[in-house]
file upload-v5.cif (mmCIF, N, CA and C atoms)
data_entry
loop_
_atom_site.label_atom_id
_atom_site.label_comp_id
_atom_site.auth_asym_id
_atom_site.auth_seq_id
_atom_site.Cartn_x
_atom_site.Cartn_y
_atom_site.Cartn_z
N MET A 1 94.51 138.63 118.10
CA MET A 1 94.35 137.38 118.82
C MET A 1 93.23 136.55 118.19
N LYS A 2 92.23 137.22 117.69
CA LYS A 2 91.11 136.52 117.10
C LYS A 2 91.53 135.74 115.86
N LYS A 3 92.43 136.30 115.01
CA LYS A 3 92.92 135.62 113.82
C LYS A 3 93.72 134.38 114.22
N PHE A 4 94.49 134.47 115.25
CA PHE A 4 95.32 133.35 115.72
C PHE A 4 94.43 132.19 116.16
N VAL A 5 93.37 132.46 116.88
CA VAL A 5 92.46 131.42 117.35
C VAL A 5 91.76 130.77 116.17
N ARG A 6 91.35 131.54 115.18
CA ARG A 6 90.70 130.98 114.01
C ARG A 6 91.64 130.06 113.24
N ARG A 7 92.92 130.43 113.12
CA ARG A 7 93.89 129.63 112.39
C ARG A 7 94.13 128.30 113.11
N ILE A 8 94.22 128.29 114.41
CA ILE A 8 94.45 127.07 115.17
C ILE A 8 93.21 126.18 115.12
N GLY A 9 92.07 126.74 115.16
CA GLY A 9 90.83 125.98 115.19
C GLY A 9 90.50 125.28 113.87
N ARG A 10 91.06 125.74 112.76
CA ARG A 10 90.76 125.13 111.47
C ARG A 10 91.52 123.82 111.33
N LYS A 11 90.84 122.75 110.91
CA LYS A 11 91.49 121.46 110.73
C LYS A 11 92.10 121.39 109.35
N GLN A 12 93.32 120.84 109.30
CA GLN A 12 94.01 120.66 108.03
C GLN A 12 93.79 119.21 107.58
N ALA A 13 93.39 119.03 106.33
CA ALA A 13 93.16 117.69 105.81
C ALA A 13 93.42 117.70 104.30
N PHE A 14 93.63 116.50 103.76
CA PHE A 14 93.80 116.37 102.32
C PHE A 14 92.43 116.35 101.66
N THR A 15 92.39 116.93 100.49
CA THR A 15 91.13 116.86 99.74
C THR A 15 91.06 115.54 99.00
N LEU A 16 89.91 115.19 98.53
CA LEU A 16 89.73 113.94 97.80
C LEU A 16 90.55 113.94 96.51
N VAL A 17 90.66 115.06 95.87
CA VAL A 17 91.44 115.17 94.63
C VAL A 17 92.92 114.90 94.91
N GLU A 18 93.44 115.46 95.98
CA GLU A 18 94.84 115.23 96.33
C GLU A 18 95.10 113.75 96.62
N LEU A 19 94.20 113.12 97.33
CA LEU A 19 94.35 111.69 97.63
C LEU A 19 94.29 110.86 96.35
N MET A 20 93.41 111.19 95.43
CA MET A 20 93.31 110.45 94.17
C MET A 20 94.58 110.61 93.33
N ILE A 21 95.17 111.78 93.35
CA ILE A 21 96.43 112.00 92.61
C ILE A 21 97.53 111.13 93.20
N VAL A 22 97.64 111.07 94.51
CA VAL A 22 98.67 110.25 95.16
C VAL A 22 98.45 108.77 94.84
N VAL A 23 97.22 108.31 94.91
CA VAL A 23 96.92 106.91 94.60
C VAL A 23 97.27 106.59 93.15
N THR A 24 96.99 107.49 92.24
CA THR A 24 97.31 107.29 90.83
C THR A 24 98.82 107.20 90.61
N ILE A 25 99.57 108.06 91.25
CA ILE A 25 101.03 108.05 91.12
C ILE A 25 101.60 106.74 91.66
N VAL A 26 101.13 106.29 92.79
CA VAL A 26 101.60 105.03 93.38
C VAL A 26 101.26 103.86 92.46
N ALA A 27 100.08 103.86 91.87
CA ALA A 27 99.68 102.79 90.96
C ALA A 27 100.56 102.75 89.71
N ILE A 28 100.89 103.90 89.16
CA ILE A 28 101.76 103.97 87.99
C ILE A 28 103.15 103.44 88.33
N LEU A 29 103.68 103.82 89.47
CA LEU A 29 105.00 103.33 89.90
C LEU A 29 104.97 101.81 90.09
N ALA A 30 103.90 101.29 90.62
CA ALA A 30 103.78 99.83 90.82
C ALA A 30 103.72 99.11 89.47
N LEU A 31 103.01 99.68 88.51
CA LEU A 31 102.93 99.07 87.19
C LEU A 31 104.28 99.00 86.50
N ILE A 32 105.15 99.92 86.81
CA ILE A 32 106.50 99.92 86.23
C ILE A 32 107.42 99.00 87.01
N ALA A 33 107.35 99.01 88.33
CA ALA A 33 108.30 98.30 89.17
C ALA A 33 108.10 96.79 89.19
N VAL A 34 106.88 96.31 89.20
CA VAL A 34 106.62 94.87 89.33
C VAL A 34 107.19 94.07 88.15
N PRO A 35 106.97 94.45 86.89
CA PRO A 35 107.57 93.67 85.80
C PRO A 35 109.11 93.72 85.81
N LEU A 36 109.68 94.86 86.18
CA LEU A 36 111.14 94.95 86.25
C LEU A 36 111.69 94.03 87.33
N TYR A 37 111.04 93.98 88.46
CA TYR A 37 111.46 93.09 89.55
C TYR A 37 111.37 91.64 89.12
N SER A 38 110.29 91.28 88.45
CA SER A 38 110.09 89.91 88.00
C SER A 38 111.17 89.50 87.00
N ALA A 39 111.48 90.36 86.05
CA ALA A 39 112.51 90.06 85.05
C ALA A 39 113.88 89.92 85.70
N ASN A 40 114.19 90.78 86.64
CA ASN A 40 115.48 90.69 87.32
C ASN A 40 115.58 89.44 88.17
N THR A 41 114.49 89.01 88.77
CA THR A 41 114.49 87.79 89.55
C THR A 41 114.76 86.59 88.66
N THR A 42 114.12 86.53 87.50
CA THR A 42 114.35 85.43 86.57
C THR A 42 115.80 85.41 86.10
N SER A 43 116.36 86.56 85.78
CA SER A 43 117.76 86.64 85.34
C SER A 43 118.71 86.15 86.43
N ALA A 44 118.47 86.55 87.65
CA ALA A 44 119.33 86.13 88.75
C ALA A 44 119.26 84.63 88.98
N ILE A 45 118.08 84.06 88.92
CA ILE A 45 117.93 82.62 89.11
C ILE A 45 118.58 81.86 87.96
N MET A 46 118.38 82.32 86.74
CA MET A 46 118.96 81.62 85.60
C MET A 46 120.47 81.75 85.53
N ALA A 47 121.05 82.74 86.19
CA ALA A 47 122.51 82.86 86.24
C ALA A 47 123.13 81.63 86.89
N GLU A 48 122.44 81.03 87.84
CA GLU A 48 122.92 79.80 88.46
C GLU A 48 122.95 78.66 87.44
N GLY A 49 121.94 78.59 86.59
CA GLY A 49 121.91 77.57 85.54
C GLY A 49 123.02 77.77 84.52
N VAL A 50 123.31 79.02 84.18
CA VAL A 50 124.39 79.33 83.24
C VAL A 50 125.73 78.89 83.84
N ALA A 51 125.93 79.14 85.13
CA ALA A 51 127.16 78.73 85.80
C ALA A 51 127.30 77.21 85.81
N GLY A 52 126.21 76.50 86.08
CA GLY A 52 126.25 75.04 86.08
C GLY A 52 126.55 74.50 84.69
N ALA A 53 125.98 75.10 83.66
CA ALA A 53 126.28 74.69 82.29
C ALA A 53 127.75 74.93 81.97
N GLY A 54 128.32 76.00 82.50
CA GLY A 54 129.75 76.27 82.30
C GLY A 54 130.62 75.21 82.95
N THR A 55 130.23 74.74 84.12
CA THR A 55 130.95 73.65 84.78
C THR A 55 130.92 72.39 83.92
N ILE A 56 129.76 72.09 83.37
CA ILE A 56 129.64 70.91 82.51
C ILE A 56 130.47 71.08 81.24
N ARG A 57 130.48 72.27 80.66
CA ARG A 57 131.29 72.54 79.46
C ARG A 57 132.76 72.29 79.74
N ASN A 58 133.24 72.77 80.88
CA ASN A 58 134.65 72.55 81.23
C ASN A 58 134.95 71.06 81.35
N GLN A 59 134.08 70.32 81.97
CA GLN A 59 134.29 68.88 82.13
C GLN A 59 134.20 68.13 80.81
N LEU A 60 133.39 68.62 79.88
CA LEU A 60 133.35 68.00 78.55
C LEU A 60 134.67 68.20 77.81
N GLN A 61 135.28 69.35 77.99
CA GLN A 61 136.59 69.59 77.38
C GLN A 61 137.64 68.66 77.98
N VAL A 62 137.60 68.46 79.29
CA VAL A 62 138.51 67.53 79.95
C VAL A 62 138.28 66.12 79.43
N TYR A 63 137.01 65.74 79.30
CA TYR A 63 136.65 64.40 78.81
C TYR A 63 137.22 64.18 77.41
N ARG A 64 137.08 65.18 76.55
CA ARG A 64 137.59 65.06 75.17
C ARG A 64 139.11 64.94 75.17
N ALA A 65 139.78 65.73 75.99
CA ALA A 65 141.25 65.67 76.07
C ALA A 65 141.72 64.32 76.61
N MET A 66 141.02 63.78 77.59
CA MET A 66 141.41 62.49 78.17
C MET A 66 141.18 61.34 77.20
N ASN A 67 140.31 61.53 76.23
CA ASN A 67 140.06 60.51 75.21
C ASN A 67 140.93 60.73 73.98
N GLY A 68 142.00 61.48 74.13
CA GLY A 68 142.91 61.71 73.01
C GLY A 68 142.30 62.53 71.90
N GLY A 69 141.39 63.41 72.26
CA GLY A 69 140.73 64.25 71.25
C GLY A 69 139.68 63.48 70.46
N GLY A 70 139.25 62.36 71.01
CA GLY A 70 138.31 61.48 70.31
C GLY A 70 136.89 61.97 70.27
N GLY A 71 136.60 63.06 70.87
CA GLY A 71 135.25 63.60 70.81
C GLY A 71 134.50 63.48 72.12
N TYR A 72 133.22 63.74 72.02
CA TYR A 72 132.37 63.80 73.20
C TYR A 72 131.47 62.57 73.35
N LEU A 73 131.49 61.67 72.37
CA LEU A 73 130.63 60.49 72.43
C LEU A 73 130.90 59.69 73.70
N GLY A 74 129.85 59.28 74.33
CA GLY A 74 129.98 58.50 75.56
C GLY A 74 129.98 59.33 76.83
N ALA A 75 130.01 60.64 76.70
CA ALA A 75 129.99 61.51 77.89
C ALA A 75 128.60 61.47 78.52
N THR A 76 128.58 61.24 79.82
CA THR A 76 127.31 61.23 80.55
C THR A 76 127.44 62.03 81.84
N LEU A 77 126.34 62.61 82.25
CA LEU A 77 126.30 63.35 83.51
C LEU A 77 126.06 62.37 84.66
N PRO A 78 126.52 62.72 85.85
CA PRO A 78 126.25 61.84 86.99
C PRO A 78 124.78 61.89 87.39
N THR A 79 124.31 60.81 87.96
CA THR A 79 122.96 60.78 88.53
C THR A 79 123.11 60.48 90.01
N SER A 80 122.01 60.42 90.70
CA SER A 80 122.07 60.15 92.13
C SER A 80 122.57 58.73 92.42
N THR A 81 122.50 57.83 91.43
CA THR A 81 122.92 56.45 91.65
C THR A 81 124.17 56.05 90.87
N THR A 82 124.48 56.72 89.76
CA THR A 82 125.67 56.39 88.97
C THR A 82 126.57 57.60 88.81
N PRO A 83 127.89 57.39 88.77
CA PRO A 83 128.80 58.53 88.72
C PRO A 83 128.87 59.26 87.38
N GLY A 84 128.59 58.64 86.25
CA GLY A 84 128.73 59.30 84.96
C GLY A 84 130.17 59.28 84.50
N THR A 85 130.41 59.63 83.25
CA THR A 85 131.75 59.59 82.70
C THR A 85 132.51 60.90 82.87
N LEU A 86 131.82 61.98 83.14
CA LEU A 86 132.50 63.25 83.38
C LEU A 86 133.01 63.29 84.82
N GLN A 87 134.04 64.06 85.05
CA GLN A 87 134.61 64.15 86.39
C GLN A 87 133.80 65.14 87.24
N LEU A 88 132.56 64.82 87.42
CA LEU A 88 131.64 65.62 88.22
C LEU A 88 130.97 64.72 89.23
N ALA A 89 130.78 65.24 90.41
CA ALA A 89 129.97 64.54 91.40
C ALA A 89 128.54 65.06 91.28
N TRP A 90 127.60 64.26 91.72
CA TRP A 90 126.19 64.65 91.71
C TRP A 90 126.01 65.97 92.43
N THR A 91 126.73 66.16 93.52
CA THR A 91 126.56 67.37 94.33
C THR A 91 127.23 68.59 93.72
N ASP A 92 128.09 68.42 92.73
CA ASP A 92 128.76 69.57 92.10
C ASP A 92 127.77 70.48 91.38
N LEU A 93 126.65 69.93 90.99
CA LEU A 93 125.66 70.71 90.26
C LEU A 93 124.49 71.16 91.14
N GLN A 94 124.56 70.88 92.42
CA GLN A 94 123.49 71.27 93.34
C GLN A 94 123.60 72.75 93.67
N GLY A 95 122.52 73.47 93.50
CA GLY A 95 122.49 74.89 93.81
C GLY A 95 121.25 75.25 94.59
N LYS A 96 121.04 76.53 94.75
CA LYS A 96 119.87 76.99 95.49
C LYS A 96 118.59 76.79 94.67
N TYR A 97 118.67 77.00 93.36
CA TYR A 97 117.50 76.91 92.50
C TYR A 97 117.54 75.70 91.57
N PHE A 98 118.74 75.29 91.17
CA PHE A 98 118.91 74.19 90.24
C PHE A 98 119.37 72.94 90.97
N ALA A 99 118.72 71.83 90.68
CA ALA A 99 119.15 70.52 91.19
C ALA A 99 119.97 69.85 90.09
N PRO A 100 120.79 68.87 90.43
CA PRO A 100 121.59 68.19 89.40
C PRO A 100 120.75 67.61 88.26
N GLY A 101 119.54 67.18 88.55
CA GLY A 101 118.68 66.62 87.52
C GLY A 101 118.13 67.66 86.54
N ASP A 102 118.37 68.93 86.80
CA ASP A 102 117.89 69.99 85.91
C ASP A 102 118.82 70.20 84.71
N TYR A 103 119.97 69.54 84.71
CA TYR A 103 120.94 69.66 83.62
C TYR A 103 120.88 68.40 82.78
N SER A 104 121.00 68.58 81.46
CA SER A 104 121.02 67.42 80.59
C SER A 104 121.88 67.69 79.37
N LEU A 105 122.43 66.62 78.81
CA LEU A 105 123.14 66.68 77.54
C LEU A 105 122.14 66.22 76.49
N ILE A 106 121.61 67.17 75.72
CA ILE A 106 120.53 66.82 74.81
C ILE A 106 121.04 66.44 73.43
N SER A 107 122.30 66.70 73.16
CA SER A 107 122.85 66.34 71.86
C SER A 107 124.34 66.11 72.03
N ILE A 108 124.78 64.87 71.81
CA ILE A 108 126.20 64.52 71.93
C ILE A 108 126.65 63.89 70.61
N GLY A 109 127.72 64.41 70.06
CA GLY A 109 128.31 63.84 68.85
C GLY A 109 129.82 63.76 69.02
N THR A 110 130.52 63.41 67.95
CA THR A 110 131.97 63.32 68.07
C THR A 110 132.59 64.70 68.27
N SER A 111 132.00 65.72 67.64
CA SER A 111 132.57 67.05 67.78
C SER A 111 131.54 68.08 68.22
N THR A 112 130.37 67.63 68.62
CA THR A 112 129.33 68.57 69.02
C THR A 112 128.64 68.11 70.31
N TYR A 113 128.10 69.07 71.01
CA TYR A 113 127.25 68.79 72.17
C TYR A 113 126.35 69.98 72.42
N THR A 114 125.28 69.73 73.09
CA THR A 114 124.39 70.79 73.55
C THR A 114 124.00 70.48 74.99
N ILE A 115 124.15 71.45 75.85
CA ILE A 115 123.81 71.32 77.26
C ILE A 115 122.54 72.12 77.51
N LYS A 116 121.61 71.52 78.21
CA LYS A 116 120.37 72.22 78.57
C LYS A 116 120.33 72.35 80.09
N ALA A 117 120.10 73.56 80.55
CA ALA A 117 119.95 73.84 81.98
C ALA A 117 118.56 74.41 82.20
N GLY A 118 117.79 73.68 82.97
CA GLY A 118 116.48 74.20 83.31
C GLY A 118 115.36 73.38 82.74
N PRO A 119 114.19 73.73 83.11
CA PRO A 119 113.84 74.80 84.05
C PRO A 119 114.24 74.44 85.48
N PRO A 120 114.52 75.44 86.30
CA PRO A 120 114.93 75.16 87.68
C PRO A 120 113.81 74.52 88.48
N SER A 121 114.12 73.43 89.13
CA SER A 121 113.07 72.67 89.84
C SER A 121 112.88 73.11 91.28
N GLN A 122 113.79 73.91 91.81
CA GLN A 122 113.71 74.24 93.24
C GLN A 122 113.16 75.64 93.49
N THR A 123 112.43 76.16 92.55
CA THR A 123 111.78 77.46 92.74
C THR A 123 110.53 77.53 91.87
N THR A 124 109.59 78.32 92.30
CA THR A 124 108.39 78.56 91.50
C THR A 124 108.39 79.99 90.95
N LYS A 125 109.50 80.70 91.11
CA LYS A 125 109.57 82.09 90.67
C LYS A 125 109.86 82.21 89.18
N VAL A 126 110.22 81.09 88.54
CA VAL A 126 110.54 81.10 87.12
C VAL A 126 109.53 80.21 86.41
N PRO A 127 108.97 80.65 85.29
CA PRO A 127 108.02 79.81 84.56
C PRO A 127 108.67 78.48 84.15
N SER A 128 107.86 77.44 84.07
CA SER A 128 108.39 76.12 83.74
C SER A 128 108.87 76.01 82.30
N SER A 129 108.64 77.01 81.49
CA SER A 129 109.09 76.99 80.10
C SER A 129 110.44 77.67 79.90
N VAL A 130 111.06 78.15 80.97
CA VAL A 130 112.32 78.89 80.86
C VAL A 130 113.49 77.94 81.03
N TYR A 131 114.45 78.00 80.09
CA TYR A 131 115.65 77.19 80.18
C TYR A 131 116.80 77.88 79.46
N TYR A 132 117.99 77.28 79.56
CA TYR A 132 119.19 77.82 78.93
C TYR A 132 119.89 76.69 78.18
N GLU A 133 120.31 76.95 76.96
CA GLU A 133 121.05 75.97 76.18
C GLU A 133 122.33 76.59 75.65
N VAL A 134 123.39 75.78 75.62
CA VAL A 134 124.67 76.23 75.07
C VAL A 134 125.30 75.06 74.34
N ASN A 135 126.01 75.34 73.23
CA ASN A 135 126.66 74.26 72.48
C ASN A 135 128.17 74.34 72.60
N GLN A 136 128.87 73.47 71.87
CA GLN A 136 130.33 73.36 71.98
C GLN A 136 131.05 74.62 71.53
N LEU A 137 130.42 75.44 70.72
CA LEU A 137 131.03 76.68 70.25
C LEU A 137 130.83 77.83 71.24
N GLY A 138 130.06 77.57 72.28
CA GLY A 138 129.74 78.62 73.24
C GLY A 138 128.55 79.45 72.81
N SER A 139 127.90 79.02 71.72
CA SER A 139 126.72 79.75 71.24
C SER A 139 125.56 79.46 72.17
N GLU A 140 124.96 80.50 72.66
CA GLU A 140 123.80 80.36 73.54
C GLU A 140 122.58 80.21 72.65
N LEU A 141 121.96 79.06 72.74
CA LEU A 141 120.84 78.75 71.86
C LEU A 141 119.52 79.23 72.45
N GLY A 142 119.54 79.69 73.68
CA GLY A 142 118.31 80.14 74.29
C GLY A 142 118.54 80.70 75.66
N THR A 143 119.21 81.82 75.75
CA THR A 143 119.42 82.43 77.05
C THR A 143 118.07 82.84 77.61
N TYR A 144 117.70 82.26 78.73
CA TYR A 144 116.43 82.55 79.38
C TYR A 144 115.29 82.40 78.37
N TYR A 145 115.37 81.36 77.60
CA TYR A 145 114.49 81.13 76.47
C TYR A 145 113.17 80.55 76.94
N THR A 146 112.08 81.05 76.39
CA THR A 146 110.78 80.47 76.70
C THR A 146 110.29 79.71 75.50
N ASN A 147 109.80 78.54 75.72
CA ASN A 147 109.34 77.67 74.65
C ASN A 147 107.85 77.89 74.38
N GLN A 148 107.46 79.13 74.24
CA GLN A 148 106.04 79.44 74.03
C GLN A 148 105.87 80.19 72.74
#
call {"tool": "encode", "arguments": {"input": "upload-v5.cif", "output": "structure tokens"}}
result
Amino acid sequence: MKKFVRRIGRKQAFTLVELMIVVTIVAILALIAVPLYSANTTSAIMAEGVAGAGTIRNQLQVYRAMNGGGGYLGATLPTSTTPGTLQLAWTDLQGKYFAPGDYSLISIGTSTYTIKAGPPSQTTKVPSSVYYEVNQLGSELGTYYTNQ
């Protein structure tokens, strides 16, 4: 009976070494998880910009076909006040992170174009130097590209 009373009376607690080991493990896991989460967040947000650029690419192909294959010259995106020459409404490019003004045609020629999407203006989770560019060949000139 005396052994039983002694066992119950003893307090169980963690030692300082055990606590330090747990804190170290949690810190290492946090150092790994935070950058991965940040990168995945940027990729998810930029996926909306890639989709919007795809919509513009499709409309540029329609524009070229409607001009008898005459090229892309004269193609313009809609603005909040003017409709533009592409068959897009201002609201067609509105998303959760990207506003219609975040898309631009930075290079238009008879047989070439470059679409720039970004940086997204409706979020602060993506650095202001991140954008996406695609040309008429479908070549991605800067997937999630940083201009730094």
call {"tool": "atom_distance", "arguments": {"input": "upload-v5.cif", "atom1": "atom C of Gln94 of chain A", "atom2": "atom C of Ala51 of chain A"}}
result
9.8 Å
call {"tool": "closest_residue", "arguments": {"input": "upload-v5.cif", "among": "A:Leu36, A:Leu60, A:Ala53, A:Ala89", "to": "Tyr103 of chain A", "atoms": "only C-alpha atoms"}}
result
A:Ala53
call {"tool": "resolve_selection", "arguments": {"input": "upload-v5.cif", "expression": "the PyMOL selection byres ((chain A and resi 111) around 7)", "output": "PDB file with N, CA and C atoms, in the frame of the given file"}}
result
ATOM      1  N   GLY A  70     139.250  62.360  71.010  1.00  0.00           N
ATOM      2  CA  GLY A  70     138.310  61.480  70.310  1.00  0.00           C
ATOM      3  C   GLY A  70     136.890  61.970  70.270  1.00  0.00           C
ATOM      4  N   GLY A  71     136.600  63.060  70.870  1.00  0.00           N
ATOM      5  CA  GLY A  71     135.250  63.600  70.810  1.00  0.00           C
ATOM      6  C   GLY A  71     134.500  63.480  72.120  1.00  0.00           C
ATOM      7  N   TYR A  72     133.220  63.740  72.020  1.00  0.00           N
ATOM      8  CA  TYR A  72     132.370  63.800  73.200  1.00  0.00           C
ATOM      9  C   TYR A  72     131.470  62.570  73.350  1.00  0.00           C
ATOM     10  N   LEU A  73     131.490  61.670  72.370  1.00  0.00           N
ATOM     11  CA  LEU A  73     130.630  60.490  72.430  1.00  0.00           C
ATOM     12  C   LEU A  73     130.900  59.690  73.700  1.00  0.00           C
ATOM     13  N   ILE A 108     124.780  64.870  71.810  1.00  0.00           N
ATOM     14  CA  ILE A 108     126.200  64.520  71.930  1.00  0.00           C
ATOM     15  C   ILE A 108     126.650  63.890  70.610  1.00  0.00           C
ATOM     16  N   GLY A 109     127.720  64.410  70.060  1.00  0.00           N
ATOM     17  CA  GLY A 109     128.310  63.840  68.850  1.00  0.00           C
ATOM     18  C   GLY A 109     129.820  63.760  69.020  1.00  0.00           C
ATOM     19  N   THR A 110     130.520  63.410  67.950  1.00  0.00           N
ATOM     20  CA  THR A 110     131.970  63.320  68.070  1.00  0.00           C
ATOM     21  C   THR A 110     132.590  64.700  68.270  1.00  0.00           C
ATOM     22  N   THR A 112     130.370  67.630  68.620  1.00  0.00           N
ATOM     23  CA  THR A 112     129.330  68.570  69.020  1.00  0.00           C
ATOM     24  C   THR A 112     128.640  68.110  70.310  1.00  0.00           C
ATOM     25  N   TYR A 113     128.100  69.070  71.010  1.00  0.00           N
ATOM     26  CA  TYR A 113     127.250  68.790  72.170  1.00  0.00           C
ATOM     27  C   TYR A 113     126.350  69.980  72.420  1.00  0.00           C
ATOM     28  N   GLN A 136     128.870  73.470  71.870  1.00  0.00           N
ATOM     29  CA  GLN A 136     130.330  73.360  71.980  1.00  0.00           C
ATOM     30  C   GLN A 136     131.050  74.620  71.530  1.00  0.00           C
TER      31      GLN A 136
END
call {"tool": "resolve_selection", "arguments": {"input": "upload-v5.cif", "expression": "the PyMOL selection byres ((chain A and resi 80) around 8)", "output": "PyMOL selection string"}}
result
chain A and resi 77-79+81-83+90-91+100-101
call {"tool": "closest_residue", "arguments": {"input": "upload-v5.cif", "among": "A:Ile115, A:Met46, A:Met20, A:Leu86", "to": "Asn67 of chain A", "atoms": "only C-alpha atoms"}}
result
A:Leu86
call {"tool": "atom_distance", "arguments": {"input": "upload-v5.cif", "atom1": "atom C of Leu137 of chain A", "atom2": "atom C of Thr42 of chain A"}}
result
22.5 Å
call {"tool": "atom_distance", "arguments": {"input": "upload-v5.cif", "atom1": "atom CA of Ile45 of chain A", "atom2": "atom CA of Leu141 of chain A"}}
result
17.9 Å
call {"tool": "select_by_dssp", "arguments": {"input": "upload-v5.cif", "residues": "chain A", "states": "alpha helix (DSSP H)", "output": "number ranges by chain"}}
result
A: 2-9, 16-66
